[in-house]
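Written below as structure tokens is the structure these notes are about.
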Amino acid sequence: MDYKGRQRRLRESLPPNRLDGLLVTHLPNIRYLCGFTGSAGALLVSDAKSVLFTDGRYRTQARAEVQGDKVVIGKKGPLAACAEWLRANKSRSRMRRRIGIESEHFTVAERSRLAAMVPRDSLLRPAPALIERSRTVKDAAEIEQIRSAVLLGADLFDVILKTTRPGVKESEVAAELEYAARKAGAEGMSFPTIIAGGTRSSLPHGRASEATIPSRGFVVCDFGVILHGYCSDRTRTVYVGAATAEARQIYDAVLASQLEAIAVVRPGVKVEQVDRAARKTLQKKGLAKYFTHSTGHGVGLEIHEAPRVAKGQQEILQPGMVITIEPGVYLSGQWGVRIEDIVIVTEQGCEVLSPTQKEFIEVG
């Protein structure tokens, strides 16, 4: 990973935002900038240097993972260590140092504690989402990591096909899936696995429960894995029993919606146009009112990243952006269908990273 390049670009963004430094506390952002994967840390990036603050649990790990940056092991936690370092390295000028904090990830209590500890020459200021903006466009190394995670996750679909049977608990299907994921090398799941059968398929985020798979109906299966820190995300919907003509029509409508949205993805397109394409297709079938969430989101070190692919969002797609396309239709208390793939924006258009197996599948 090009940690030096990422930090250099961050430093270049500080003066235009009237900052002398940025205190990074959101762990995915710390990992993005320096490679540290511990659960406690703070990274101070200034115009001259970067310093990672952590505690004694990560003494060996931090020095192995963080290359080129100073590592400070504090006794009272990362924020206290940072404040102590700022006191020991006071500004030589009479101007106050403007230290940005990640306002999206910094609590009021944390800011109050830090403000009471830093020297008087340091002024804490809320900073815009500088790192998140950079993370929206993935470099070649990140794309390969995401591709590997997607392929590992895609191979797990066979587990779902083998275990999804009437009378089996949703939680049992999820457990078999997650066990197979860890055996295959996944570090964990990107999010709590969604296995929602029958009427529960109408819940867009119907996490696997103790409910049993019904003898007939849709089962929404939404899952993803973490590999080398990067997430995958995939949704497939299967049908238990012999499908009705209506079930097939509904599934085909959602699939058509997804394919139309994918066809719109290319550089220069606003993300709201992708969302509009998905909804327009469902509108023709009279199903748009049952599509109750956004069409997609960015994926990377976190399962939900910018950009948000939704109505009114003006972000312009660029090569290297990685997003999900996941339209769905949900009729409360009856059924639900969702189909999702991860897509990368390329110079010419886009590439669907996950295998494109999306035919209607009957199980049980």
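Each chain in the structure tokens gets a letter, A, B and so on, in the order shown; residues start at 1 in every chain, and ligands are counted from 1 in the order they appear.
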Give the alpha helix (DSSP H) residues of region 77-277 of chain A, as DSSP finds them on the backbone, and put them as an NGL selection string.
-> :A and (78-88 or 108-117 or 130-135 or 140-155 or 157-163 or 170-183 or 245-264 or 271-277)
For Leu33 (chain A), please output as a VMD selection string all residues within 10 Å (counting only C-alpha atoms; exclusion window: fewer than 5 positions along the same chain).
-> chain A and resid 1 to 8 10 24 27 to 28 43 45 50 66 131
Could you write those residues out with N, CA and C atoms, as a PDB file, in the first residue's frame?
ATOM      1  N   MET A   1       0.830  -1.195   0.000  1.00  0.00           N
ATOM      2  CA  MET A   1       0.000   0.000   0.000  1.00  0.00           C
ATOM      3  C   MET A   1       0.875   1.258   0.000  1.00  0.00           C
ATOM      4  N   ASP A   2       0.443   2.259  -0.726  1.00  0.00           N
ATOM      5  CA  ASP A   2       1.220   3.487  -0.884  1.00  0.00           C
ATOM      6  C   ASP A   2       0.924   4.449   0.262  1.00  0.00           C
ATOM      7  N   TYR A   3       1.390   4.107   1.463  1.00  0.00           N
ATOM      8  CA  TYR A   3       1.101   4.936   2.620  1.00  0.00           C
ATOM      9  C   TYR A   3       1.758   6.316   2.513  1.00  0.00           C
ATOM     10  N   LYS A   4       2.964   6.359   1.996  1.00  0.00           N
ATOM     11  CA  LYS A   4       3.650   7.652   1.850  1.00  0.00           C
ATOM     12  C   LYS A   4       2.885   8.568   0.904  1.00  0.00           C
ATOM     13  N   GLY A   5       2.412   8.011  -0.201  1.00  0.00           N
ATOM     14  CA  GLY A   5       1.648   8.816  -1.150  1.00  0.00           C
ATOM     15  C   GLY A   5       0.347   9.316  -0.555  1.00  0.00           C
ATOM     16  N   ARG A   6      -0.327   8.481   0.230  1.00  0.00           N
ATOM     17  CA  ARG A   6      -1.587   8.889   0.852  1.00  0.00           C
ATOM     18  C   ARG A   6      -1.351  10.008   1.850  1.00  0.00           C
ATOM     19  N   GLN A   7      -0.290   9.883   2.652  1.00  0.00           N
ATOM     20  CA  GLN A   7       0.012  10.935   3.616  1.00  0.00           C
ATOM     21  C   GLN A   7       0.436  12.221   2.906  1.00  0.00           C
ATOM     22  N   ARG A   8       1.185  12.088   1.825  1.00  0.00           N
ATOM     23  CA  ARG A   8       1.584  13.281   1.086  1.00  0.00           C
ATOM     24  C   ARG A   8       0.367  14.040   0.564  1.00  0.00           C
ATOM     25  N   LEU A  10      -2.619  13.955   1.775  1.00  0.00           N
ATOM     26  CA  LEU A  10      -3.321  14.545   2.910  1.00  0.00           C
ATOM     27  C   LEU A  10      -2.644  15.838   3.334  1.00  0.00           C
ATOM     28  N   VAL A  24      -5.963  12.048  13.416  1.00  0.00           N
ATOM     29  CA  VAL A  24      -6.808  11.000  12.861  1.00  0.00           C
ATOM     30  C   VAL A  24      -7.084   9.964  13.946  1.00  0.00           C
ATOM     31  N   LEU A  27     -10.307   4.491  13.181  1.00  0.00           N
ATOM     32  CA  LEU A  27      -9.350   3.404  12.946  1.00  0.00           C
ATOM     33  C   LEU A  27      -9.197   3.013  11.477  1.00  0.00           C
ATOM     34  N   PRO A  28     -10.267   2.935  10.674  1.00  0.00           N
ATOM     35  CA  PRO A  28     -10.065   2.633   9.252  1.00  0.00           C
ATOM     36  C   PRO A  28      -9.219   3.696   8.545  1.00  0.00           C
ATOM     37  N   LEU A  43      -3.377   9.075  15.032  1.00  0.00           N
ATOM     38  CA  LEU A  43      -2.290   9.434  14.121  1.00  0.00           C
ATOM     39  C   LEU A  43      -2.314  10.938  13.896  1.00  0.00           C
ATOM     40  N   VAL A  45      -0.925  13.865  11.787  1.00  0.00           N
ATOM     41  CA  VAL A  45      -0.262  14.166  10.520  1.00  0.00           C
ATOM     42  C   VAL A  45      -0.098  15.676  10.417  1.00  0.00           C
ATOM     43  N   SER A  50       4.608  12.504  10.688  1.00  0.00           N
ATOM     44  CA  SER A  50       3.436  11.785  11.181  1.00  0.00           C
ATOM     45  C   SER A  50       3.868  10.982  12.401  1.00  0.00           C
ATOM     46  N   VAL A  66       3.832  -0.161  11.055  1.00  0.00           N
ATOM     47  CA  VAL A  66       3.976   1.249  10.671  1.00  0.00           C
ATOM     48  C   VAL A  66       5.404   1.503  10.207  1.00  0.00           C
ATOM     49  N   ILE A 131      -9.899  12.477   4.501  1.00  0.00           N
ATOM     50  CA  ILE A 131      -9.424  11.118   4.215  1.00  0.00           C
ATOM     51  C   ILE A 131     -10.505  10.313   3.497  1.00  0.00           C
TER      52      ILE A 131
END
Which residue, A:Ile323, A:Ala141, A:Ala253, A:Ile101, has the smallest gap to Ala288 (chain A) when you use only C-alpha atoms?
->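 Of A:Ile323, A:Ala141, A:Ala253, A:Ile101, the one nearest Ala288 (chain A), counting only C-alpha atoms, is A:Ala253.
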Do you know which residues are at most 10 Å from Thr37 (chain A) counting only C-alpha atoms, after dropping those on the same chain fewer than 4 positions away, and could you put them as number ranges by chain?
-> A: 27-28, 30-32, 41, 58, 61-62, 65-66, 229
Writer output for current selection, N, CA, C and O atoms, as an mmCIF file, in the first residue's frame:
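Resulting contents of part_10.cif:
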data_model
loop_
_atom_site.group_PDB
_atom_site.id
_atom_site.type_symbol
_atom_site.label_atom_id
_atom_site.label_comp_id
_atom_site.auth_asym_id
_atom_site.auth_seq_id
_atom_site.Cartn_x
_atom_site.Cartn_y
_atom_site.Cartn_z
ATOM 1 N N LEU A 27 -10.307 4.491 13.181
ATOM 2 C CA LEU A 27 -9.350 3.404 12.946
ATOM 3 C C LEU A 27 -9.197 3.013 11.477
ATOM 4 O O LEU A 27 -8.065 2.774 11.023
ATOM 5 N N PRO A 28 -10.267 2.935 10.674
ATOM 6 C CA PRO A 28 -10.065 2.633 9.252
ATOM 7 C C PRO A 28 -9.219 3.696 8.545
ATOM 8 O O PRO A 28 -8.434 3.373 7.643
ATOM 9 N N ILE A 30 -6.848 5.493 10.017
ATOM 10 C CA ILE A 30 -5.476 5.265 10.468
ATOM 11 C C ILE A 30 -4.844 4.138 9.658
ATOM 12 O O ILE A 30 -3.707 4.249 9.186
ATOM 13 N N ARG A 31 -5.588 3.058 9.498
ATOM 14 C CA ARG A 31 -5.061 1.937 8.715
ATOM 15 C C ARG A 31 -4.775 2.378 7.283
ATOM 16 O O ARG A 31 -3.754 2.006 6.697
ATOM 17 N N TYR A 32 -5.651 3.163 6.701
ATOM 18 C CA TYR A 32 -5.480 3.640 5.333
ATOM 19 C C TYR A 32 -4.202 4.462 5.181
ATOM 20 O O TYR A 32 -3.509 4.361 4.162
ATOM 21 N N GLY A 41 -5.678 3.772 18.792
ATOM 22 C CA GLY A 41 -4.612 4.551 18.183
ATOM 23 C C GLY A 41 -5.076 5.932 17.767
ATOM 24 O O GLY A 41 -6.277 6.212 17.661
ATOM 25 N N TYR A 58 0.188 -2.744 21.914
ATOM 26 C CA TYR A 58 0.522 -2.766 20.494
ATOM 27 C C TYR A 58 1.955 -2.322 20.215
ATOM 28 O O TYR A 58 2.270 -1.913 19.090
ATOM 29 N N GLN A 61 3.414 -4.776 17.594
ATOM 30 C CA GLN A 61 2.601 -4.738 16.377
ATOM 31 C C GLN A 61 2.742 -3.416 15.644
ATOM 32 O O GLN A 61 2.904 -3.388 14.417
ATOM 33 N N ALA A 62 2.681 -2.316 16.369
ATOM 34 C CA ALA A 62 2.752 -1.003 15.734
ATOM 35 C C ALA A 62 4.088 -0.803 15.030
ATOM 36 O O ALA A 62 4.136 -0.291 13.902
ATOM 37 N N GLU A 65 4.039 -2.864 11.811
ATOM 38 C CA GLU A 65 3.107 -2.467 10.757
ATOM 39 C C GLU A 65 3.371 -1.066 10.216
ATOM 40 O O GLU A 65 3.143 -0.800 9.030
ATOM 41 N N VAL A 66 3.832 -0.161 11.055
ATOM 42 C CA VAL A 66 3.976 1.249 10.671
ATOM 43 C C VAL A 66 5.404 1.503 10.207
ATOM 44 O O VAL A 66 6.341 1.428 11.005
ATOM 45 N N GLY A 229 -8.325 -6.851 5.362
ATOM 46 C CA GLY A 229 -8.883 -5.574 5.778
ATOM 47 C C GLY A 229 -9.973 -5.033 4.894
ATOM 48 O O GLY A 229 -10.677 -4.097 5.282
#
Hey, which of A:Ser232, A:Ser257, A:Ser39, A:Thr164 ends up closest to Phe191 (chain A)? Count only C-alpha atoms.
-> A:Ser232
Students should find that CA of Gly167 (chain A) and CA of Phe291 (chain A) are spaced 28.8 Å
Atomic distance CA of Glu272 (chain A) - CA of Val299 (chain A), expressed in Å with one decimal =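 Computing the Euclidean distance for CA of Glu272 (chain A) and CA of Val299 (chain A) yields 17.2 Å.
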Which neighbours of region 194-201 of chain A fall inside 6 Å, counting only C-alpha atoms, when residues of the same chain fewer than 3 positions from it are skipped, and could you give them as number ranges by chain?
-> A: 170, 206-208, 213-214, 217-222, 333-336
